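A.B. asks: Quick one: the structure is below, and I'll ask about it shortly.
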Amino acid sequence: MDFLSPDTWAGALAAKAARPEAVPVMGGTDVMVELNLGRRRPHALLDLTRVPELARWGAEDGYTRVGAGVSYTRLVERVGSRAPALAAAARSVASPQIRNRGSVGGNLGGASPAGDCHPPLLAAGALVELASAAGVRRVPASEFYLGPGRTVRREDELVAAVLVPEPRGPQVFAKVGPRNAMVIAVVSFALALDVAARRAGTGIGSAGPTPLRARAAEEFLAREFDWAGGADPSPEAARRFGDLVAGAARPIDDVRGSAAYRRHALAVLARRAWARCAAEVRGGGV
Amino acid sequence: MSTTSERPAARTGAIGAGPRRVEGPAKVAGTAAYAYEYRAADAAYLAPVQATIARGRVAAVDTAAAEAAEGVLAVLWHGNAPRLRTDAELPGLQQPGELHVLQSAEVHYRGQPVAAVVAETFEAAQHAAALVTLTYEQLPHDAEFSAGRTDLATPKEDHRQGDVKAAEGEVVVDQTYTTPMQHNNPMEPHSTMARWDGEAITLHESTQGAHMVRETVAELLGLEQGRVRVVAPYVGGGFGSKGPLHAPTVLAVLGARAVPHRSVKLAATRRQMFSLVGYRSPTVQRVRLRADAQGRLSGIDVTATVQSARLGDFIEEAAGPAKSMYAAPNRRMGHRAARLDVPVPTWMRAPGECPGMFGPEVAMDELAVACGLDPIEARVRNEPERDPATGKPFSTRNLIACLREGADRFGWADRPAEPGARREGEWLVGTGVAASFYPVVPPVGGSRALVRHAGDGRYVVSLAAADIGTGAWTALTQVAADVLGVPLEHVEVRLGDSALPLASLAGGSTGMMSWGSTVHAAATAFRRLHGDDPAPGAEAAADLPEVAHRDDYAMHAYGAQFAEVRVNTDTGEIRVPRLLGVFAAGRIVNARTARSQFVGGMTMGLSMALHEESVLDARFGHVVNADFAEYHIAANADVADIQAHWIDEHDPLVNPLGAKGIGEIGIVGTAAAVANAAYHATGVRVRRVPLRLDDFLDAVGA
């Protein structure tokens, strides 16, 4: 197994162009586990930990651009207020040690349907920046995922960054599991509101072959949400919103939970998310 | 602590105090070496190759690429591995089929070692192991555990008293309770460093019994026991899985024989812990209770179906504890076993009792509900005067005292009788109780301790006992100091080396009864022989006293566990903010390490209630969640308030120390208490562990 370790972004892209089969490794929280378990044996690893550009973040044209190598810990501590749902998801990942190593880029590269970062990226309308020696493109998160572990990223491309729109309203992330930490989500859900435009964004995790948006629920919420006053929803409206979110999921029965439970819990998380966003609007926290 | 009886004060007060662990500083500083950590200039590393089929034969092995790889010292398979004695007379707890590693082409379970590489480095060994190519003749396998199978075996005749079918009474509880396959996962995996010098073999081993390893390895290799040395002073947990030997130790021994004069190291990976070192069998418990309207039992019928292996029989005796728990004239307890193409099950903390008290203790809760009784009262009404199984009088039985004291401490009196009555915001809150039980296992004879005066009033106490984290280092120091009448710091205990006098295995919670009684006897003999002013170098040795166990009494330890459970009305999430246990386990030698044992057992019981479940894919015969990302074990954040208390129980009949075992009883009953509390919170009766979020969907109105 070859170990490629470029120390510049250009070098990384050149290496990926020359060896498209090389598996990128950043924190190693997924890749190294798979290697240790013998699930894969790539011919080459492309170590990105020495590329300084990947660890950077900053404002860019109404977005916050977060380098693919920014650790979850950094994300929580430094970027939190600019991407609240993403930061909340990052905060819920595994343990402090894993959060010091793992990154959004790795989450996107692995594209597990249970990855915690996907729902906030979907809900916030984030872009995924993909780069190759041939150029750079930005793909909406909603078009990024194709299936378990599969995305639109071409073999010669690397995930360079995510671009999260500046928050324009409350954002929440929630997940359910058999315990509070160190657990793979049974389901997760993110909600991001754009108060000025009166738009809602949703993201569903761990309840389908890919992370999903609940578009009908988004339209319903855009109509029903009390944008001016932040009043709590009526029980009927909250229930309808929950049902629409649950209806958008495509869950399976597995070791972690039944499909029926996943739908139920998604509806609960969706209703809670609405209530929390409404409270934030009422409290003037926007 | 309440006091049920008085006893003469110990001579120095050392017994019953709570001194810190004598080996604690060394462990914290990292200077206490565990088996794999011993530095050896001549170290080599062994990597197993594991079968990818569950049943069949290895048809061909291609080792050429592995042998050609850099740093490889040997590639072993059944065609070239050193021979083990086929007629070895192994101690009864060993599974010969499991230990005859690389001796034939047969594959009996998925994950079975079928080859191994010894190399200069860990990485080289792993790499070369991946280069070994095996071809199999695969045979159909059967790994489907179910109580509905038609080929279940009856390993021994059912225990019968009266006629359980003729039991009368209008109240019937007839339910099936299940517990899953679970895997022992001590912090330190099974580890061996083995070195063969052409004449003798030395093992640094993570084990619950250095002498047991010595005897077994000597038998397997056809060596005299004197040519096998086993060193194991520090062991990072075992929970039973380091009692019997397993395949990794034998692999290391074979590696050492194949590459003499090298220290061959092998530590099971966490993933290998799920295929190579045994597990707790799943159980399906059919429990039938019949009682009168006042809750007095007339019949107890428990049939436990468990999983065993075609390679070797191991019966998880889950129907055992019901034999002795409650009075009823008509009783039957029996086991049925499904012998499958799977690894052989093994001991896991309180084998038999732990799963076997889940079904019956939930059933007792159901009986209480059916009779409109408080669950404590239901148990009190069925308290036997003599041991129901044998008719013998109890040496001591303080179950009711534990229930009463626990009720006081826990605040049981305020409990609403009806389930679902207490709601705090979106949480339903309930409380539950269950009994704990663990027998006083008669210690195996043969243990011997040596006390030597080192001069200046300092003493060295030696025996080969294994402290697997229990606190034996400390408690044995206390026993010796107490009998010798000297301060703790004047006693140095030496453990965990087969060069020291023989000590029984750390198993069945017998350590303190066995080694404690032996040290007690040796220290007593020392003072008798040499008086209070002995010469330097004076020695005395003693064997485990014969009177250490009397056969004319039934001897058991008891406890009562209380749980508070919160179930979220929206999501079904289950939280356990409070566990409280009260135990009656004879004399407590070290209050600090004893509390740690009880609390540790209860934590493991909580883990059983909410988390631990090995999921076997019967199509392939392997555990699919074989890592800590998906096999959850309760950790700090899962545990809130766990309290352990004990009754000051004086039982001079069990042994001179008056100590019963405490290592296992803490895990017994916890899961039932949690399930009973979850019922009380929600009105949903779950008869399976682990409890799942899905289980409470009905209660939350989904």
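Letters A, B, ... mark the chains of the structure tokens in the order given; residue numbers begin at 1 per chain; ligand numbers begin at 1, in order shown.
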Which residues of chain B sit at most 9 Å from chain A, using only C-alpha atoms? Give each one's shortest atom pair and distance in Å (one decimal place), in chain and ascending residue order, as CSV.

C.D. replies:
residue,atom,partner,partner_atom,distance
B:Ala130,CA,A:Gly38,CA,8.9
B:Arg271,CA,A:Leu37,CA,7.7
B:Asp570,CA,A:Val268,CA,6.3
B:Thr571,CA,A:Ala265,CA,5.7
B:Gly572,CA,A:Ala265,CA,8.7
B:Glu573,CA,A:Pro178,CA,6.4
B:Ile574,CA,A:Pro178,CA,7.4
B:Arg575,CA,A:Arg179,CA,8.0
B:Leu610,CA,A:Pro178,CA,7.8
B:His611,CA,A:Pro178,CA,7.7
B:Val615,CA,A:Val255,CA,7.8
B:Asn625,CA,A:Val255,CA,8.7
B:Ala629,CA,A:Val183,CA,6.8
B:Glu630,CA,A:Val183,CA,7.5
B:His632,CA,A:Val183,CA,8.0
B:Ala637,CA,A:Asn180,CA,7.5
B:Asp638,CA,A:Arg179,CA,7.0
B:Arg692,CA,A:Pro178,CA,7.2
B:Leu693,CA,A:Pro178,CA,6.7
B:Asp694,CA,A:Tyr261,CA,5.7
B:Leu697,CA,A:Tyr261,CA,7.4
B:Ala702,CA,A:His264,CA,6.5

A.B. asks: What lies within 10 Å of Ala55 (chain A) using only C-alpha atoms, ignoring chain neighbours under 3 positions off, as a list in words?

C.D. replies: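 After dropping sequence-adjacent residues, the list is Leu48, Thr49, Arg50, Val51, Pro52, Val66, Gly67, Ala68, Gly69, Val70, Ser71, Arg74, Ser103, Ala160 and Ala161 of chain A.
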
A.B. asks: Which polymer residues have any atom within 12 Å of an atom of Pro235 (chain A), counting only C-alpha atoms, with same-chain residues fewer than 4 positions away left out, as a compact mmCIF listing (two decimals) with N, CA and C atoms, in the first residue's frame?

C.D. replies:
# COMPACT_ATOMS: atom_id res chain seq x y z
N ARG A 239 -48.59 17.93 14.19
CA ARG A 239 -48.73 16.53 13.83
C ARG A 239 -48.58 16.35 12.32
N ARG A 240 -49.19 17.26 11.57
CA ARG A 240 -49.11 17.17 10.11
C ARG A 240 -47.66 17.33 9.64
N PHE A 241 -46.96 18.27 10.24
CA PHE A 241 -45.56 18.49 9.88
C PHE A 241 -44.75 17.21 10.19
N GLY A 242 -44.97 16.67 11.38
CA GLY A 242 -44.26 15.44 11.74
C GLY A 242 -44.55 14.33 10.76
N ARG A 271 -41.50 17.72 15.18
CA ARG A 271 -42.38 18.58 15.98
C ARG A 271 -41.56 19.38 17.00
N ARG A 272 -40.61 18.70 17.63
CA ARG A 272 -39.77 19.40 18.61
C ARG A 272 -38.98 20.50 17.92
N TRP A 274 -39.71 22.24 15.29
CA TRP A 274 -40.61 23.38 15.05
C TRP A 274 -40.78 24.20 16.33
N ALA A 275 -41.07 23.51 17.42
CA ALA A 275 -41.30 24.22 18.68
C ALA A 275 -40.07 25.01 19.10

A.B. asks: Using DSSP on the backbone coordinates, identify all residues within region 213-431 of chain B classified as helix (DSSP H, G or I); present the result as a ChimeraX atom specification.

C.D. replies: /B:213-221,225-227,247-258,272-274,322-325,353-356,358-371,375-380,399-410,412-414

A.B. asks: For Val342 (chain B), list every protein, DNA or RNA residue within 8 Å, evaluated using only C-alpha atoms, and leave out those in the same chain fewer than 5 positions away; present the list as a PyMOL selection string.

C.D. replies: chain B and resi 54+108-110+143+308-311+621

A.B. asks: Show which residues sit within 8 Å of region 668-685 of chain B, as number ranges by chain. Count only C-alpha atoms, and ignore same-chain residues fewer than 5 positions away.

C.D. replies: B: 350, 353-355, 357-359, 361-362, 365, 418-422, 428-438, 560-567, 576, 601-602, 605-606, 608-609, 691, 695-696, 698-699

A.B. asks: By how many Å are CA of Cys277 (chain A) and CA of Gly230 (chain A) apart?

C.D. replies: 7.8 Å

A.B. asks: Which value, in Å to one decimal, gives the distance between CA of His622 (chain B) and CA of Arg40 (chain A)?

C.D. replies: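 A separation of 18.5 Å between them.
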
A.B. asks: Do a neighbour search on region 391-398 of chain B at 9 Å with only C-alpha atoms, toss out local chain neighbours closer than 6 positions, and write the hits as a list in words.

C.D. replies: Glu385, Asp552, Tyr553, Ala554, Met555, His556, Ala557, Tyr558, Gly559, Phe583, Ala584, Ala585, Gly586, Ile647, Glu649, His650, Asp651, Pro652, Leu653 and Val654 of chain B

A.B. asks: Rank B:Val344, B:Ala14, B:Ala232, B:Leu46 by their smallest atom-to-atom distance to Phe274 (chain B), using only C-alpha atoms, and report the top residue only.

C.D. replies: B:Val344

A.B. asks: May I have all residues of region 40-239 of chain A that DSSP, computed from the backbone, assigns to strand (DSSP E), given as a VMD selection string?

C.D. replies: chain A and resid 44 to 47 57 to 60 63 to 67 127 to 132 135 to 140 145 to 147 150 to 151 158 to 165 171 to 176 187 to 194 199 to 205
